[in-house]
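I have placed the structure first, in the form of structure tokens, so that the comments after it can refer back to it.
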Amino acid sequence: MMQPIVSVQNLSKTYASGLVALDGVSLDIARGEILALLGPNGAGKTTLISIICGIVTKSAGTVLVGGHDSVTDFRAARALIGLVPQELHLSIFETVWDTVSFSRQLYGRKTDAAYIETLLRMLSLWDKRNAKIMTLSGGMKRRVLIAKALSHQPQILFLDEPTAGVDVGLRKEMWSVIRSLKATGVTVILTTHYIDEAEEMADRVGVIDKGRLILVEEKATLMQKLGQKKLSLHLARPVNDIPASLKAYGLHLSPDGSVLTYVHGSGAPRDIILRLLKDAESAKLDVHDISTEQSSLEDIFMGLVAK
Amino acid sequence: MNWHAVAAIFTYEMKRFFRTMGQSLVSPVISTVLYFVVFGAAIGSRIEEIDGVSYGAFIVPGLIMLSLLTQSVSNASFGIYFPRFSGTIYEFLAAPISATEMVLGFVGAAAAKSLLIGIVILATSAFFVPLSIAHPVWMVVFMLLTAFTFSLLGFIIGLWADGFEKLQIIPLLIITPLTFLGGSFYSINLLPPFWKSVSMFNPVVYLVSGFRWSFNEVADVSVGLSLAITCLFLLLCLATIGWMFRTGYRLKT
């Protein structure tokens, strides 16, 4: 990996209550990627991004953002970051335009009407620019939060559960916004507990559970595990051995001789199932039923967090 | 320094003030008029001059101080408490803003608002009593010092409070009694010796006394002492806020 844009080393956080929210997390995030952080509620996802963004203090470890320490060089580090919080925290009496301009100034940048116009148009908020926040729908409020987070042209965008409690149409819309952000070179880190969201959006997936980062992998690699399928042939008349003509498939025979199982990855030829079935017929196997199973990211995920 | 952020916070807070212009300015004017009618005209006409000053004119500095103190505390405490309450505080914490910049924005705006109100009350009182300001520069110095010091105190209360009740309780239980007992409406020299000694522990006595001196050169305590105590209180508030930001008290977990 080239110089990571965010580098987290041995990050730990213990809250005053004694709760260990993060326990030695190390993570490098590449420039321009979309990283999904998956994990059950209370896993430490929000704590992790809150520490990187500066709203929670760490107990131990280091965070570098664009090479700048997030504590000793917080101005340079934070200038690179935009944060979309999980809750709809907005000043409801303000107009869309004012609140987005306000955010930009908080980051020490001059107001830039042209840029804010582009931003509001991209997020389909232009027509609502003079509307007070309290008159907006939930979906629009979420987009206002994104506009605020992008108001100072950050290189990294953190989205904390961007689609929690959001309807299907809006989720799709949110995904397309995130994709168009990636196209402009923004690095996106999103937390989610929807596996399909990670599957849909992410280049890499990290799984957090009980304050530990238990896996970070390219989605493609994960998908290979995900792509494992299991085909079971249920036989009316049990066999003692796998027929010689079927040996090449690497089948597994159940102890009672009634089920033949074939496991194949996404790399297998497309007609493999048909060939297997034809060969089974030629071998005079009395197949009375077939069943298929697919391991999902969900299975992998549940397997990981259950450990 | 992130001056854009300071300006943004200041403007944002002032906008809130102007949005509720009616409440913000009309109510202090009305209460001042009431004070003048009751204390100045009705009761005041039966009170002899205090230190050679008519009672109506005597209470002007006290009235302005009363408003400065209560307005500074309530504006500043609400200003910082509300983002904490609504959750929008996350943005201030995540932005590249230092504690100094945040305090300048919030406290600066709260002080500016209460100064505006102080000036309006001063102007209103001119309709009721002949005003004479012996030391205008010192008057401004005392107003500025008071507005900033008590806005800092309000900011501390706004950070400390974890509910709207707590936000009200300090002003109600401490600030208002201290102001009334601080010689706003009387000279503490009129008090029996024991209560006079007790009053000397009230910081508001020094504020009102110094401020009154700038109007008509009459003071309960020496001007130097007034200034010194006010500055000491200012430093105390600054130190407390410094500690709050260093430890992340009620701001960061």
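Chain lettering (A, B, ...) mirrors the order of the structure tokens, residue numbering begins at 1 for each chain separately, and ligand numbering begins at 1 in order of display.
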Per residue of chain B within 6 Å of chain A, record the nearest atom pair and its distance in Å to one decimal, counting only C-alpha atoms, with rows in chain order and ascending residue number, as a Markdown table.
| residue | atom | partner | partner_atom | distance |
| --- | --- | --- | --- | --- |
| B:Asn2 | CA | A:Gly108 | CA | 5.4 |
| B:His4 | CA | A:Gly108 | CA | 4.9 |
| B:Ala5 | CA | A:Leu106 | CA | 4.1 |
| B:Gly87 | CA | A:His89 | CA | 5.2 |
| B:Thr88 | CA | A:His89 | CA | 5.1 |
| B:Leu93 | CA | A:Ile55 | CA | 5.4 |
| B:Ala94 | CA | A:Gly54 | CA | 5.3 |
| B:Ala95 | CA | A:Tyr107 | CA | 5.6 |
| B:Pro96 | CA | A:Arg75 | CA | 4.5 |
| B:Lys252 | CA | A:Val56 | CA | 5.3 |
| B:Thr253 | CA | A:Val56 | CA | 5.5 |
Grab the residues selected above and save them as a PDB file, in the first residue's frame with N, CA, C and O atoms.
ATOM      1  N   ASN B   2      -7.730  30.425  13.719  1.00  0.00           N
ATOM      2  CA  ASN B   2      -8.785  30.152  12.738  1.00  0.00           C
ATOM      3  C   ASN B   2      -9.846  31.250  12.885  1.00  0.00           C
ATOM      4  O   ASN B   2     -10.885  31.072  13.504  1.00  0.00           O
ATOM      5  N   HIS B   4     -11.771  32.606  10.703  1.00  0.00           N
ATOM      6  CA  HIS B   4     -13.042  32.346  10.020  1.00  0.00           C
ATOM      7  C   HIS B   4     -14.018  31.660  10.970  1.00  0.00           C
ATOM      8  O   HIS B   4     -15.207  31.963  10.990  1.00  0.00           O
ATOM      9  N   ALA B   5     -13.479  30.729  11.759  1.00  0.00           N
ATOM     10  CA  ALA B   5     -14.337  29.985  12.684  1.00  0.00           C
ATOM     11  C   ALA B   5     -14.837  30.904  13.798  1.00  0.00           C
ATOM     12  O   ALA B   5     -16.020  30.866  14.157  1.00  0.00           O
ATOM     13  N   GLY B  87     -26.869  18.223  20.216  1.00  0.00           N
ATOM     14  CA  GLY B  87     -25.920  17.310  19.581  1.00  0.00           C
ATOM     15  C   GLY B  87     -25.054  17.961  18.519  1.00  0.00           C
ATOM     16  O   GLY B  87     -24.105  17.357  18.036  1.00  0.00           O
ATOM     17  N   THR B  88     -25.370  19.220  18.146  1.00  0.00           N
ATOM     18  CA  THR B  88     -24.588  19.866  17.079  1.00  0.00           C
ATOM     19  C   THR B  88     -23.173  20.213  17.537  1.00  0.00           C
ATOM     20  O   THR B  88     -22.351  20.626  16.738  1.00  0.00           O
ATOM     21  N   LEU B  93     -16.364  20.217  17.825  1.00  0.00           N
ATOM     22  CA  LEU B  93     -15.274  19.376  18.336  1.00  0.00           C
ATOM     23  C   LEU B  93     -14.457  18.780  17.202  1.00  0.00           C
ATOM     24  O   LEU B  93     -13.265  18.549  17.340  1.00  0.00           O
ATOM     25  N   ALA B  94     -15.111  18.512  16.070  1.00  0.00           N
ATOM     26  CA  ALA B  94     -14.417  17.866  14.954  1.00  0.00           C
ATOM     27  C   ALA B  94     -13.704  18.871  14.057  1.00  0.00           C
ATOM     28  O   ALA B  94     -12.837  18.505  13.273  1.00  0.00           O
ATOM     29  N   ALA B  95     -14.064  20.142  14.178  1.00  0.00           N
ATOM     30  CA  ALA B  95     -13.461  21.158  13.309  1.00  0.00           C
ATOM     31  C   ALA B  95     -12.090  21.559  13.850  1.00  0.00           C
ATOM     32  O   ALA B  95     -11.813  21.374  15.029  1.00  0.00           O
ATOM     33  N   PRO B  96     -11.239  22.091  12.979  1.00  0.00           N
ATOM     34  CA  PRO B  96      -9.907  22.518  13.451  1.00  0.00           C
ATOM     35  C   PRO B  96      -9.991  23.835  14.231  1.00  0.00           C
ATOM     36  O   PRO B  96      -9.539  24.877  13.771  1.00  0.00           O
ATOM     37  N   LYS B 252     -15.817  16.078  25.872  1.00  0.00           N
ATOM     38  CA  LYS B 252     -15.349  14.852  25.234  1.00  0.00           C
ATOM     39  C   LYS B 252     -15.299  13.739  26.253  1.00  0.00           C
ATOM     40  O   LYS B 252     -14.917  13.976  27.396  1.00  0.00           O
ATOM     41  N   THR B 253     -15.659  12.551  25.815  1.00  0.00           N
ATOM     42  CA  THR B 253     -15.549  11.414  26.727  1.00  0.00           C
ATOM     43  C   THR B 253     -14.192  10.761  26.543  1.00  0.00           C
ATOM     44  O   THR B 253     -13.559  10.930  25.526  1.00  0.00           O
TER      45      THR B 253
END
Determine which residues of segment 122-281 of chain A DSSP labels as helix (DSSP H, G or I) from the backbone of this structure, then write them out as an MDAnalysis selection string. chainID A and resid 122 126:128 133:135 138:150 168:183 195:201 219:226 244:249 272:281
Can you list, as JSON, numbers by chain, every residue of segment 121-236 of chain A that DSSP puts in strand (DSSP E)? {"A": [156, 157, 158, 159, 160, 187, 188, 189, 190, 191, 192, 204, 205, 206, 207, 208, 209, 212, 213, 214, 215, 216, 217, 218, 229, 230, 231, 232, 233, 234, 235]}
Selection near Leu22 of chain A, 6 Å with only C-alpha atoms, sequence-local residues under 3 positions removed, as a ChimeraX atom specification: /A:12-13,44,211
Keeping only N, CA and C atoms, write the selected residues as a short mmCIF file (atom, residue, chain, number, x, y, z; two decimals), in the first residue's frame.
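Below is the file again_1.cif, written as the result:
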data_model
loop_
_atom_site.label_atom_id
_atom_site.label_comp_id
_atom_site.auth_asym_id
_atom_site.auth_seq_id
_atom_site.Cartn_x
_atom_site.Cartn_y
_atom_site.Cartn_z
N SER A 12 -6.47 2.36 21.57
CA SER A 12 -7.31 1.80 22.62
C SER A 12 -8.14 2.89 23.25
N LYS A 13 -9.31 2.50 23.71
CA LYS A 13 -10.16 3.45 24.41
C LYS A 13 -10.90 2.75 25.52
N GLY A 44 -17.69 -0.89 18.71
CA GLY A 44 -16.59 0.08 18.78
C GLY A 44 -16.40 0.85 17.49
N GLY A 211 -14.48 -4.31 20.33
CA GLY A 211 -13.33 -3.41 20.38
C GLY A 211 -12.10 -3.88 19.63
#
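Across B:Thr149, B:Ser222, B:Thr179, B:Ser67, the tightest approach to Thr240 of chain B is made by B:Thr149 when counting only C-alpha atoms.
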